[in-house]
Amino acid sequence: MLASRSSAARSASRLARNFATVVDTAGVKVAAVDNGEPTSAVTFLVKAGSRFESKPGVAHALKGFAFKSTEKRSFLGTIREAELYGGVLSTSLTREHLAFTAEFLRGDEPLFVDIISSFIKSAKYTRHELDEYVVPVCEAESTTAFSNPAIRALDLAHLLAFRTGLGASPFTSPGTHVSVEDVKAYAQNVFTPGNLAVLGTGIDAATLQKLVEQSLGSLSSASAPTSSPSSYFGGETRIEAHGAPETIFIGLGTTGAPSAELAVLSAHLDPTPSVKWSKGTSPIAAGVPEGISVKTVLLPYSDAALYGILIQGESTEGVKAASKAAVAALKASGDLKGDDLKKAVAKAKFAAASALDGRDNLVFALGAQAFGSPASLDSTISNLDKVNASAFSKAATSFVKAKPTYVAIGDIKRLPYADELGL
């Protein structure tokens with residue numbers, strides 16, 4: 001059994017090496033992997049997430065302008081061409097990256113690379129498109145996101161944990177005003193060769209490099225925006241809300257590259273069972289009342305990480321009981337050793353390997369490498385294998401001593417305060 005597990009790990013490592021080559025083309029980082037997929041996809045990944053924005057909401061607005069009018073095509077023209085070729089255009093925004101993606105049939109890459117590169121180089125950013133399309137969509141996306149207490153809790157947790165930089169929300173706050181001039185200025189700063197990576201799946205690397213050289217060869221080389229190094233603060237906030245699950249987020253943060261010990265801690269406390277409909281053996285699982293959801297959250301960034309436990313349910317008493325169990329398990333985690341530690345390491349290794357499943361995960365893993373992250377699946381697995389009881393105990397104890405990040409959303413008159421849980 002151990003031999004088969006080692007073989008699987010080697011296979012996963014070979015997959016990582018298959019797409020690990022990043023080439024500099026016209027100043028832009030380009031990488032591609034072709035595993036014989038029936039369709040192709042190209043993503044232009046830009047370091048233009050909300051942590052880099054010059055004004056609150058401008059990154060969200062820039063995302064909203066994607067695929068609108070350019071010097072080469074109108075908004076309607078882009079829609080018609082994409083549909084004529086059966087392709088799909090999409091965007092996504094995180095705290096660190098803004099992604100423009102095209103998915104299409106093999107052989108249609110010249111058109112779709114040109115569609116995205118035309119927006120990068122010559123978007124018009126018209127006032128009527130801002131008023132009629134961008135602002136309404138941004139407001140709708142923000143309203144939908146913040147109506148979900150889990151998303152809202154994580155958004156508030158970032159603000160408490162990091163304040164500025166990673167604390168900036170990727171969603172536009174109500175009442176925020178962003179002008180066309182603001183978006184243009186931000187686009188000029190972020191759409192630079194050193195700030196951009198072009199990543200492909202189901203496409204030949206040499207073909208993609210040639211297309212990028214043709215389409216982005218004249219891209220301006222202005223200096224890219226910077227963000228100050230992340231600092232962790234922590235804190236507590238409470239938001240009254242009705243008609244949604246009672247929600248508590250108990251979080252802790254670190255700065256620097258996310259550690260292997262943090263991944264092991266997340267795996268150890270994760271109450272998700274390995275067998276469906278079973279209770280699982282997490283130290284939290286036994287203390288979770290029926291009908292209460294408990295999930296671990298690990299969000300690694302380039303220079304920090306936010307880890308936490310998200311508890312939700314209809315009953316404030318049930319949420320409180322699960323929260324107490326979570327805090328008790330978190331505080332006792334420094335004593336992890338023996339088979340329990342081995343189990344947590346194995347779960348963390350599986351999570352790291354399975355993070356490469358799927359097109360989106362491959363692209364973002366490759367994007368992190370293109371922007372300078374030295375981590376690979378090989379090194380991640382190796383670092384996890386090196387975690388022993390002594391190193392884990394030291395890291396977990398230090399981690400738990402940090403000021404917690406605590407968010408409560410719902411019936412705040414009945415939901416517990418952080419100190420009532422022992423934080």
# chains A, B, ... in the order shown; residues from 1 in each chain; ligands from 1
>>> residues_around(residues="Leu166 (chain A)", least_positions_apart="5", cutoff="10 Å", atoms="only C-alpha atoms", output="PyMOL selection string")
chain A and resi 49-52+94-96+155+158-159+161+227-232+301+303-305
>>> write_last_selection(atoms="N, CA and C atoms", output="JSON list (two decimals), in the first residue's frame")
[["chain", "number", "residue", "atom", "x", "y", "z"],
["A", 49, "GLY", "N", -5.06, 42.53, -8.30],
["A", 49, "GLY", "CA", -6.11, 42.28, -7.34],
["A", 49, "GLY", "C", -6.37, 43.48, -6.45],
["A", 50, "SER", "N", -7.31, 43.34, -5.55],
["A", 50, "SER", "CA", -7.72, 44.48, -4.74],
["A", 50, "SER", "C", -6.61, 45.00, -3.82],
["A", 51, "ARG", "N", -5.61, 44.18, -3.49],
["A", 51, "ARG", "CA", -4.54, 44.67, -2.61],
["A", 51, "ARG", "C", -3.67, 45.72, -3.31],
["A", 52, "PHE", "N", -3.72, 45.76, -4.64],
["A", 52, "PHE", "CA", -2.89, 46.70, -5.39],
["A", 52, "PHE", "C", -3.66, 47.94, -5.84],
["A", 94, "THR", "N", -9.41, 38.26, -7.47],
["A", 94, "THR", "CA", -9.08, 37.89, -6.09],
["A", 94, "THR", "C", -8.34, 39.06, -5.46],
["A", 95, "ARG", "N", -7.86, 38.85, -4.26],
["A", 95, "ARG", "CA", -7.13, 39.93, -3.61],
["A", 95, "ARG", "C", -5.77, 40.19, -4.25],
["A", 96, "GLU", "N", -5.25, 39.23, -5.00],
["A", 96, "GLU", "CA", -3.93, 39.43, -5.62],
["A", 96, "GLU", "C", -3.96, 39.43, -7.14],
["A", 155, "ASP", "N", -14.70, 38.20, 4.25],
["A", 155, "ASP", "CA", -14.29, 39.53, 3.80],
["A", 155, "ASP", "C", -13.94, 40.42, 5.00],
["A", 158, "HIS", "N", -10.58, 39.35, 6.63],
["A", 158, "HIS", "CA", -9.39, 39.89, 5.96],
["A", 158, "HIS", "C", -9.11, 41.32, 6.40],
["A", 159, "LEU", "N", -10.16, 42.11, 6.52],
["A", 159, "LEU", "CA", -9.99, 43.50, 6.94],
["A", 159, "LEU", "C", -9.43, 43.57, 8.36],
["A", 161, "ALA", "N", -7.75, 41.17, 9.90],
["A", 161, "ALA", "CA", -6.45, 40.50, 9.97],
["A", 161, "ALA", "C", -5.32, 41.35, 9.38],
["A", 227, "SER", "N", 2.45, 46.84, -3.43],
["A", 227, "SER", "CA", 1.69, 46.77, -2.18],
["A", 227, "SER", "C", 2.67, 46.56, -1.04],
["A", 228, "SER", "N", 2.46, 47.25, 0.05],
["A", 228, "SER", "CA", 3.37, 47.10, 1.19],
["A", 228, "SER", "C", 3.28, 45.68, 1.74],
["A", 229, "PRO", "N", 4.37, 45.17, 2.32],
["A", 229, "PRO", "CA", 4.35, 43.81, 2.87],
["A", 229, "PRO", "C", 3.22, 43.65, 3.89],
["A", 230, "SER", "N", 2.62, 42.49, 3.90],
["A", 230, "SER", "CA", 1.49, 42.25, 4.79],
["A", 230, "SER", "C", 1.93, 42.18, 6.25],
["A", 231, "SER", "N", 1.09, 42.73, 7.12],
["A", 231, "SER", "CA", 1.26, 42.61, 8.56],
["A", 231, "SER", "C", -0.04, 42.04, 9.13],
["A", 232, "TYR", "N", 0.09, 41.21, 10.15],
["A", 232, "TYR", "CA", -1.10, 40.62, 10.76],
["A", 232, "TYR", "C", -1.46, 41.36, 12.04],
["A", 301, "TYR", "N", -1.48, 33.34, 0.67],
["A", 301, "TYR", "CA", -1.17, 34.42, -0.27],
["A", 301, "TYR", "C", 0.34, 34.48, -0.47],
["A", 303, "ASP", "N", 2.56, 36.56, 0.57],
["A", 303, "ASP", "CA", 3.38, 36.93, 1.72],
["A", 303, "ASP", "C", 2.63, 36.81, 3.05],
["A", 304, "ALA", "N", 1.56, 36.03, 3.07],
["A", 304, "ALA", "CA", 0.78, 35.86, 4.30],
["A", 304, "ALA", "C", -0.19, 34.71, 4.11],
["A", 305, "ALA", "N", -0.88, 34.37, 5.20],
["A", 305, "ALA", "CA", -1.92, 33.34, 5.12],
["A", 305, "ALA", "C", -2.95, 33.63, 6.21]]
>>> residues_around(residues="Gly234 (chain A)", least_positions_apart="3", cutoff="7 Å", atoms="only C-alpha atoms", output="PyMOL selection string")
chain A and resi 160-161+403-405
>>> residues_around(residues="Ile381 (chain A)", least_positions_apart="4", cutoff="7 Å", atoms="only C-alpha atoms", output="ChimeraX atom specification")
/A:349,377,385
>>> residues_around(residues="Gly57 (chain A)", least_positions_apart="6", cutoff="9 Å", atoms="only C-alpha atoms", output="ChimeraX atom specification")
/A:50,138,169-173,176-178
>>> residues_around(residues="Leu105 (chain A)", least_positions_apart="6", cutoff="9 Å", atoms="only C-alpha atoms", output="PDB file with N, CA and C atoms, in the first residue's frame")
ATOM      1  N   PRO A  38      -9.728  18.041 -25.069  1.00  0.00           N
ATOM      2  CA  PRO A  38     -10.469  18.306 -26.307  1.00  0.00           C
ATOM      3  C   PRO A  38     -10.677  19.796 -26.584  1.00  0.00           C
ATOM      4  N   THR A  39     -10.555  20.619 -25.541  1.00  0.00           N
ATOM      5  CA  THR A  39     -10.669  22.064 -25.725  1.00  0.00           C
ATOM      6  C   THR A  39      -9.419  22.741 -25.187  1.00  0.00           C
ATOM      7  N   SER A  40      -9.270  24.011 -25.536  1.00  0.00           N
ATOM      8  CA  SER A  40      -8.129  24.790 -25.076  1.00  0.00           C
ATOM      9  C   SER A  40      -8.620  25.952 -24.224  1.00  0.00           C
ATOM     10  N   ALA A  41      -7.720  26.507 -23.445  1.00  0.00           N
ATOM     11  CA  ALA A  41      -8.036  27.694 -22.649  1.00  0.00           C
ATOM     12  C   ALA A  41      -6.783  28.532 -22.488  1.00  0.00           C
ATOM     13  N   TYR A  85     -17.584  31.296 -32.781  1.00  0.00           N
ATOM     14  CA  TYR A  85     -16.562  30.247 -32.668  1.00  0.00           C
ATOM     15  C   TYR A  85     -16.851  29.277 -31.511  1.00  0.00           C
ATOM     16  N   GLY A  86     -17.974  29.482 -30.826  1.00  0.00           N
ATOM     17  CA  GLY A  86     -18.341  28.562 -29.746  1.00  0.00           C
ATOM     18  C   GLY A  86     -17.513  28.712 -28.500  1.00  0.00           C
ATOM     19  N   GLY A  87     -16.852  29.851 -28.323  1.00  0.00           N
ATOM     20  CA  GLY A  87     -15.993  30.047 -27.164  1.00  0.00           C
ATOM     21  C   GLY A  87     -16.712  30.668 -25.987  1.00  0.00           C
TER      22      GLY A  87
END
>>> residues_around(residues="Val183 (chain A)", least_positions_apart="5", cutoff="8 Å", atoms="only C-alpha atoms", output="list in words")
Val58, Ala59, Ala61, Leu62, Tyr125 and Val178 of chain A
>>> write_last_selection(atoms="all heavy atoms", output="mmCIF file, in the first residue's frame")
data_model
loop_
_atom_site.group_PDB
_atom_site.id
_atom_site.type_symbol
_atom_site.label_atom_id
_atom_site.label_comp_id
_atom_site.auth_asym_id
_atom_site.auth_seq_id
_atom_site.Cartn_x
_atom_site.Cartn_y
_atom_site.Cartn_z
ATOM 1 N N VAL A 58 -11.677 50.102 -7.619
ATOM 2 C CA VAL A 58 -11.208 50.265 -8.995
ATOM 3 C C VAL A 58 -10.836 48.919 -9.630
ATOM 4 O O VAL A 58 -11.012 48.721 -10.849
ATOM 5 C CB VAL A 58 -10.026 51.266 -9.061
ATOM 6 C CG1 VAL A 58 -8.763 50.668 -8.458
ATOM 7 C CG2 VAL A 58 -9.769 51.728 -10.488
ATOM 8 N N ALA A 59 -10.344 47.970 -8.846
ATOM 9 C CA ALA A 59 -10.015 46.646 -9.396
ATOM 10 C C ALA A 59 -11.292 45.933 -9.836
ATOM 11 O O ALA A 59 -11.330 45.287 -10.895
ATOM 12 C CB ALA A 59 -9.265 45.805 -8.366
ATOM 13 N N ALA A 61 -14.034 47.409 -10.787
ATOM 14 C CA ALA A 61 -14.515 48.111 -11.978
ATOM 15 C C ALA A 61 -13.725 47.692 -13.215
ATOM 16 O O ALA A 61 -14.300 47.510 -14.298
ATOM 17 C CB ALA A 61 -14.421 49.617 -11.776
ATOM 18 N N LEU A 62 -12.409 47.520 -13.070
ATOM 19 C CA LEU A 62 -11.601 47.080 -14.207
ATOM 20 C C LEU A 62 -12.041 45.695 -14.657
ATOM 21 O O LEU A 62 -12.124 45.420 -15.862
ATOM 22 C CB LEU A 62 -10.125 47.079 -13.828
ATOM 23 C CG LEU A 62 -9.140 46.641 -14.916
ATOM 24 C CD1 LEU A 62 -9.281 47.503 -16.171
ATOM 25 C CD2 LEU A 62 -7.703 46.688 -14.394
ATOM 26 N N TYR A 125 -12.736 52.170 -22.428
ATOM 27 C CA TYR A 125 -13.209 52.629 -21.117
ATOM 28 C C TYR A 125 -14.173 53.812 -21.265
ATOM 29 O O TYR A 125 -13.938 54.922 -20.777
ATOM 30 C CB TYR A 125 -12.036 53.027 -20.214
ATOM 31 C CG TYR A 125 -11.038 51.917 -20.001
ATOM 32 C CD1 TYR A 125 -9.754 51.997 -20.543
ATOM 33 C CD2 TYR A 125 -11.379 50.777 -19.274
ATOM 34 C CE1 TYR A 125 -8.834 50.980 -20.362
ATOM 35 C CE2 TYR A 125 -10.455 49.755 -19.079
ATOM 36 C CZ TYR A 125 -9.193 49.861 -19.624
ATOM 37 O OH TYR A 125 -8.281 48.850 -19.446
ATOM 38 N N VAL A 178 -16.261 55.263 -8.552
ATOM 39 C CA VAL A 178 -15.070 55.094 -9.365
ATOM 40 C C VAL A 178 -15.342 55.697 -10.733
ATOM 41 O O VAL A 178 -16.361 55.381 -11.357
ATOM 42 C CB VAL A 178 -14.692 53.600 -9.516
ATOM 43 C CG1 VAL A 178 -13.506 53.438 -10.451
ATOM 44 C CG2 VAL A 178 -14.382 52.995 -8.154
#
>>> closest_residue(among="A:Gly372, A:Gly338, A:Pro110, A:Pro149", to="Gly243 (chain A)", atoms="only C-alpha atoms")
A:Pro149
>>> select_by_dssp(residues="region 20-71 of chain A", states="strand (DSSP E or B)", output="number ranges by chain")
A: 23-25, 28-33, 39-46, 70
>>> write_last_selection(atoms="all heavy atoms", output="CSV table (one decimal), in the first residue's frame")
chain,number,residue,atom,x,y,z
A,23,VAL,N,8.4,30.7,-19.7
A,23,VAL,CA,9.3,31.4,-20.6
A,23,VAL,C,8.9,32.9,-20.7
A,23,VAL,O,7.8,33.3,-20.7
A,23,VAL,CB,9.1,30.7,-22.0
A,23,VAL,CG1,10.0,31.5,-23.1
A,23,VAL,CG2,9.5,29.3,-22.0
A,24,ASP,N,10.0,33.7,-20.8
A,24,ASP,CA,9.8,35.1,-20.9
A,24,ASP,C,9.6,35.5,-22.4
A,24,ASP,O,10.6,35.3,-23.2
A,24,ASP,CB,11.0,35.9,-20.3
A,24,ASP,CG,10.7,37.4,-20.2
A,24,ASP,OD1,10.4,38.0,-21.2
A,24,ASP,OD2,10.8,37.9,-19.1
A,25,THR,N,8.5,36.0,-22.8
A,25,THR,CA,8.2,36.3,-24.2
A,25,THR,C,7.8,37.8,-24.3
A,25,THR,O,6.7,38.1,-23.7
A,25,THR,CB,7.1,35.4,-24.8
A,25,THR,OG1,7.5,34.1,-24.7
A,25,THR,CG2,6.9,35.8,-26.3
A,28,VAL,N,6.7,39.2,-21.1
A,28,VAL,CA,5.6,38.6,-20.4
A,28,VAL,C,5.9,37.1,-20.1
A,28,VAL,O,6.5,36.4,-21.0
A,28,VAL,CB,4.3,38.7,-21.4
A,28,VAL,CG1,3.2,37.9,-20.7
A,28,VAL,CG2,4.0,40.1,-21.7
A,29,LYS,N,5.5,36.7,-18.9
A,29,LYS,CA,5.7,35.3,-18.6
A,29,LYS,C,4.7,34.4,-19.3
A,29,LYS,O,3.5,34.7,-19.2
A,29,LYS,CB,5.6,35.1,-17.1
A,29,LYS,CG,6.6,35.9,-16.3
A,29,LYS,CD,8.0,35.6,-16.6
A,29,LYS,CE,9.0,36.4,-15.7
A,29,LYS,NZ,10.4,36.1,-16.0
A,30,VAL,N,5.1,33.4,-20.0
A,30,VAL,CA,4.2,32.5,-20.8
A,30,VAL,C,4.5,31.1,-20.4
A,30,VAL,O,5.6,30.7,-20.3
A,30,VAL,CB,4.4,32.7,-22.3
A,30,VAL,CG1,3.4,31.8,-23.0
A,30,VAL,CG2,4.2,34.2,-22.7
A,31,ALA,N,3.4,30.3,-20.2
A,31,ALA,CA,3.6,28.9,-19.9
A,31,ALA,C,2.3,28.2,-20.4
A,31,ALA,O,1.2,28.7,-20.4
A,31,ALA,CB,3.8,28.7,-18.4
A,32,ALA,N,2.5,26.9,-20.8
A,32,ALA,CA,1.4,26.2,-21.2
A,32,ALA,C,1.6,24.7,-21.0
A,32,ALA,O,2.8,24.2,-21.0
A,32,ALA,CB,1.1,26.4,-22.7
A,33,VAL,N,0.5,24.0,-20.9
A,33,VAL,CA,0.6,22.5,-20.7
A,33,VAL,C,-0.5,21.9,-21.7
A,33,VAL,O,-1.6,22.4,-21.7
A,33,VAL,CB,0.4,22.0,-19.3
A,33,VAL,CG1,-0.9,22.6,-18.7
A,33,VAL,CG2,0.4,20.5,-19.2
A,39,THR,N,-10.6,20.6,-25.5
A,39,THR,CA,-10.7,22.1,-25.7
A,39,THR,C,-9.4,22.7,-25.2
A,39,THR,O,-8.6,22.1,-24.5
A,39,THR,CB,-11.9,22.6,-25.0
A,39,THR,OG1,-11.8,22.4,-23.6
A,39,THR,CG2,-13.2,22.0,-25.5
A,40,SER,N,-9.3,24.0,-25.5
A,40,SER,CA,-8.1,24.8,-25.1
A,40,SER,C,-8.6,26.0,-24.2
A,40,SER,O,-9.8,26.3,-24.3
A,40,SER,CB,-7.3,25.3,-26.3
A,40,SER,OG,-6.9,24.3,-27.1
A,41,ALA,N,-7.7,26.5,-23.4
A,41,ALA,CA,-8.0,27.7,-22.6
A,41,ALA,C,-6.8,28.5,-22.5
A,41,ALA,O,-5.7,28.0,-22.4
A,41,ALA,CB,-8.6,27.3,-21.3
A,42,VAL,N,-7.0,29.8,-22.5
A,42,VAL,CA,-5.9,30.8,-22.3
A,42,VAL,C,-6.3,31.8,-21.2
A,42,VAL,O,-7.4,32.3,-21.3
A,42,VAL,CB,-5.5,31.5,-23.6
A,42,VAL,CG1,-4.5,32.6,-23.3
A,42,VAL,CG2,-4.9,30.6,-24.6
A,43,THR,N,-5.5,32.0,-20.2
A,43,THR,CA,-5.7,32.9,-19.2
A,43,THR,C,-4.6,34.0,-19.1
A,43,THR,O,-3.5,33.7,-19.1
A,43,THR,CB,-5.8,32.2,-17.8
A,43,THR,OG1,-7.0,31.4,-17.8
A,43,THR,CG2,-6.0,33.3,-16.7
A,44,PHE,N,-5.1,35.3,-19.1
A,44,PHE,CA,-4.1,36.4,-18.9
A,44,PHE,C,-4.3,36.7,-17.4
A,44,PHE,O,-5.3,37.3,-17.0
A,44,PHE,CB,-4.5,37.6,-19.8
A,44,PHE,CG,-4.1,37.4,-21.2
A,44,PHE,CD1,-4.4,36.3,-22.0
A,44,PHE,CD2,-3.4,38.5,-21.9
A,44,PHE,CE1,-4.1,36.2,-23.3
A,44,PHE,CE2,-3.1,38.4,-23.2
A,44,PHE,CZ,-3.4,37.2,-23.9
A,45,LEU,N,-3.3,36.4,-16.7
A,45,LEU,CA,-3.3,36.6,-15.2
A,45,LEU,C,-2.5,37.9,-14.9
A,45,LEU,O,-1.3,37.9,-15.2
A,45,LEU,CB,-2.7,35.4,-14.5
A,45,LEU,CG,-2.9,35.3,-13.0
A,45,LEU,CD1,-4.4,35.2,-12.7
A,45,LEU,CD2,-2.1,34.1,-12.4
A,46,VAL,N,-3.1,38.8,-14.2
A,46,VAL,CA,-2.5,40.1,-14.0
A,46,VAL,C,-2.4,40.3,-12.4
A,46,VAL,O,-3.4,40.0,-11.7
A,46,VAL,CB,-3.3,41.3,-14.6
A,46,VAL,CG1,-2.5,42.6,-14.5
A,46,VAL,CG2,-3.7,41.0,-16.0
A,70,THR,N,-13.1,48.0,-27.6
A,70,THR,CA,-11.7,48.3,-27.7
A,70,THR,C,-11.5,49.0,-29.1
A,70,THR,O,-12.5,49.2,-29.8
A,70,THR,CB,-10.9,47.0,-27.8
A,70,THR,OG1,-11.2,46.2,-28.9
A,70,THR,CG2,-11.2,46.1,-26.5
>>> atom_distance(atom1="CA of Gly256 (chain A)", atom2="CA of Lys386 (chain A)")
18.9 Å
>>> closest_residue(among="A:Ala332, A:Ala150, A:Ala368, A:Ala99", to="Val294 (chain A)", atoms="only C-alpha atoms")
A:Ala150
>>> select_by_dssp(residues="region 31-62 of chain A", states="helix (DSSP H, G or I)", output="count of residues only")
8
>>> residues_around(residues="region 308-318 of chain A", least_positions_apart="2", cutoff="8 Å", atoms="only C-alpha atoms", output="PyMOL selection string")
chain A and resi 150+244-252+288-298+306+320-323+326+411+414-415
>>> write_last_selection(atoms="N, CA and C atoms", output="PDB file, in the first residue's frame")
ATOM      1  N   ALA A 150     -21.238  33.686   4.879  1.00  0.00           N
ATOM      2  CA  ALA A 150     -19.906  33.080   4.868  1.00  0.00           C
ATOM      3  C   ALA A 150     -18.921  33.976   4.117  1.00  0.00           C
ATOM      4  N   ALA A 244     -30.628  34.570   7.734  1.00  0.00           N
ATOM      5  CA  ALA A 244     -29.520  33.774   7.195  1.00  0.00           C
ATOM      6  C   ALA A 244     -28.921  32.955   8.328  1.00  0.00           C
ATOM      7  N   PRO A 245     -28.103  31.953   8.036  1.00  0.00           N
ATOM      8  CA  PRO A 245     -27.521  31.147   9.110  1.00  0.00           C
ATOM      9  C   PRO A 245     -26.706  31.997  10.084  1.00  0.00           C
ATOM     10  N   GLU A 246     -26.799  31.653  11.360  1.00  0.00           N
ATOM     11  CA  GLU A 246     -25.919  32.273  12.361  1.00  0.00           C
ATOM     12  C   GLU A 246     -24.484  31.868  12.011  1.00  0.00           C
ATOM     13  N   THR A 247     -23.587  32.854  11.980  1.00  0.00           N
ATOM     14  CA  THR A 247     -22.243  32.585  11.449  1.00  0.00           C
ATOM     15  C   THR A 247     -21.162  33.113  12.380  1.00  0.00           C
ATOM     16  N   ILE A 248     -20.168  32.276  12.624  1.00  0.00           N
ATOM     17  CA  ILE A 248     -18.978  32.687  13.375  1.00  0.00           C
ATOM     18  C   ILE A 248     -17.747  32.241  12.605  1.00  0.00           C
ATOM     19  N   PHE A 249     -16.780  33.153  12.499  1.00  0.00           N
ATOM     20  CA  PHE A 249     -15.479  32.801  11.921  1.00  0.00           C
ATOM     21  C   PHE A 249     -14.410  33.044  12.976  1.00  0.00           C
ATOM     22  N   ILE A 250     -13.650  31.997  13.268  1.00  0.00           N
ATOM     23  CA  ILE A 250     -12.542  32.076  14.222  1.00  0.00           C
ATOM     24  C   ILE A 250     -11.261  31.915  13.424  1.00  0.00           C
ATOM     25  N   GLY A 251     -10.477  32.977  13.305  1.00  0.00           N
ATOM     26  CA  GLY A 251      -9.315  32.931  12.436  1.00  0.00           C
ATOM     27  C   GLY A 251      -8.031  33.358  13.114  1.00  0.00           C
ATOM     28  N   LEU A 252      -6.934  32.960  12.509  1.00  0.00           N
ATOM     29  CA  LEU A 252      -5.590  33.358  12.920  1.00  0.00           C
ATOM     30  C   LEU A 252      -4.770  33.562  11.652  1.00  0.00           C
ATOM     31  N   VAL A 288     -19.644  18.842  17.595  1.00  0.00           N
ATOM     32  CA  VAL A 288     -20.510  19.614  16.695  1.00  0.00           C
ATOM     33  C   VAL A 288     -21.943  19.103  16.792  1.00  0.00           C
ATOM     34  N   PRO A 289     -22.895  19.929  17.250  1.00  0.00           N
ATOM     35  CA  PRO A 289     -24.292  19.481  17.343  1.00  0.00           C
ATOM     36  C   PRO A 289     -24.893  19.203  15.964  1.00  0.00           C
ATOM     37  N   GLU A 290     -25.948  18.425  15.957  1.00  0.00           N
ATOM     38  CA  GLU A 290     -26.643  18.102  14.715  1.00  0.00           C
ATOM     39  C   GLU A 290     -27.159  19.395  14.059  1.00  0.00           C
ATOM     40  N   GLY A 291     -26.969  19.485  12.744  1.00  0.00           N
ATOM     41  CA  GLY A 291     -27.470  20.629  12.004  1.00  0.00           C
ATOM     42  C   GLY A 291     -26.520  21.810  11.939  1.00  0.00           C
ATOM     43  N   ILE A 292     -25.328  21.696  12.529  1.00  0.00           N
ATOM     44  CA  ILE A 292     -24.342  22.777  12.517  1.00  0.00           C
ATOM     45  C   ILE A 292     -23.224  22.415  11.544  1.00  0.00           C
ATOM     46  N   SER A 293     -22.863  23.348  10.701  1.00  0.00           N
ATOM     47  CA  SER A 293     -21.793  23.151   9.712  1.00  0.00           C
ATOM     48  C   SER A 293     -20.495  23.768  10.225  1.00  0.00           C
ATOM     49  N   VAL A 294     -19.417  22.981  10.152  1.00  0.00           N
ATOM     50  CA  VAL A 294     -18.095  23.475  10.543  1.00  0.00           C
ATOM     51  C   VAL A 294     -17.116  23.173   9.409  1.00  0.00           C
ATOM     52  N   LYS A 295     -16.444  24.214   8.938  1.00  0.00           N
ATOM     53  CA  LYS A 295     -15.482  24.055   7.848  1.00  0.00           C
ATOM     54  C   LYS A 295     -14.181  24.769   8.200  1.00  0.00           C
ATOM     55  N   THR A 296     -13.064  24.143   7.848  1.00  0.00           N
ATOM     56  CA  THR A 296     -11.782  24.830   8.004  1.00  0.00           C
ATOM     57  C   THR A 296     -11.480  25.602   6.728  1.00  0.00           C
ATOM     58  N   VAL A 297     -10.834  26.740   6.886  1.00  0.00           N
ATOM     59  CA  VAL A 297     -10.508  27.613   5.755  1.00  0.00           C
ATOM     60  C   VAL A 297      -9.020  27.941   5.816  1.00  0.00           C
ATOM     61  N   LEU A 298      -8.287  27.665   4.750  1.00  0.00           N
ATOM     62  CA  LEU A 298      -6.878  28.022   4.669  1.00  0.00           C
ATOM     63  C   LEU A 298      -6.669  28.812   3.383  1.00  0.00           C
ATOM     64  N   LEU A 306      -4.185  33.302   5.900  1.00  0.00           N
ATOM     65  CA  LEU A 306      -5.271  33.415   6.869  1.00  0.00           C
ATOM     66  C   LEU A 306      -5.882  32.029   7.034  1.00  0.00           C
ATOM     67  N   LYS A 320     -22.744  28.201  19.116  1.00  0.00           N
ATOM     68  CA  LYS A 320     -21.880  28.475  20.265  1.00  0.00           C
ATOM     69  C   LYS A 320     -21.180  27.201  20.746  1.00  0.00           C
ATOM     70  N   ALA A 321     -21.909  26.104  20.806  1.00  0.00           N
ATOM     71  CA  ALA A 321     -21.318  24.841  21.255  1.00  0.00           C
ATOM     72  C   ALA A 321     -20.230  24.373  20.299  1.00  0.00           C
ATOM     73  N   ALA A 322     -20.505  24.476  18.996  1.00  0.00           N
ATOM     74  CA  ALA A 322     -19.501  24.075  18.000  1.00  0.00           C
ATOM     75  C   ALA A 322     -18.286  24.987  18.067  1.00  0.00           C
ATOM     76  N   SER A 323     -18.495  26.263  18.325  1.00  0.00           N
ATOM     77  CA  SER A 323     -17.384  27.213  18.427  1.00  0.00           C
ATOM     78  C   SER A 323     -16.492  26.879  19.614  1.00  0.00           C
ATOM     79  N   ALA A 326     -14.404  23.972  18.692  1.00  0.00           N
ATOM     80  CA  ALA A 326     -13.357  24.365  17.753  1.00  0.00           C
ATOM     81  C   ALA A 326     -12.195  25.042  18.472  1.00  0.00           C
ATOM     82  N   ASP A 411     -27.610  36.962  15.008  1.00  0.00           N
ATOM     83  CA  ASP A 411     -28.236  37.484  16.218  1.00  0.00           C
ATOM     84  C   ASP A 411     -27.130  37.795  17.232  1.00  0.00           C
ATOM     85  N   ARG A 414     -27.171  37.171  21.022  1.00  0.00           N
ATOM     86  CA  ARG A 414     -27.079  35.808  21.558  1.00  0.00           C
ATOM     87  C   ARG A 414     -25.805  35.082  21.135  1.00  0.00           C
ATOM     88  N   LEU A 415     -25.198  35.482  20.028  1.00  0.00           N
ATOM     89  CA  LEU A 415     -23.944  34.856  19.606  1.00  0.00           C
ATOM     90  C   LEU A 415     -22.836  35.235  20.572  1.00  0.00           C
TER      91      LEU A 415
END
>>> closest_residue(among="A:Glu81, A:Pro56, A:Ser90, A:Thr254", to="Pro174 (chain A)", atoms="only C-alpha atoms")
A:Pro56
>>> closest_residue(among="A:Pro258, A:Pro271, A:Gly253, A:Gly410", to="Ala286 (chain A)", atoms="only C-alpha atoms")
A:Pro271
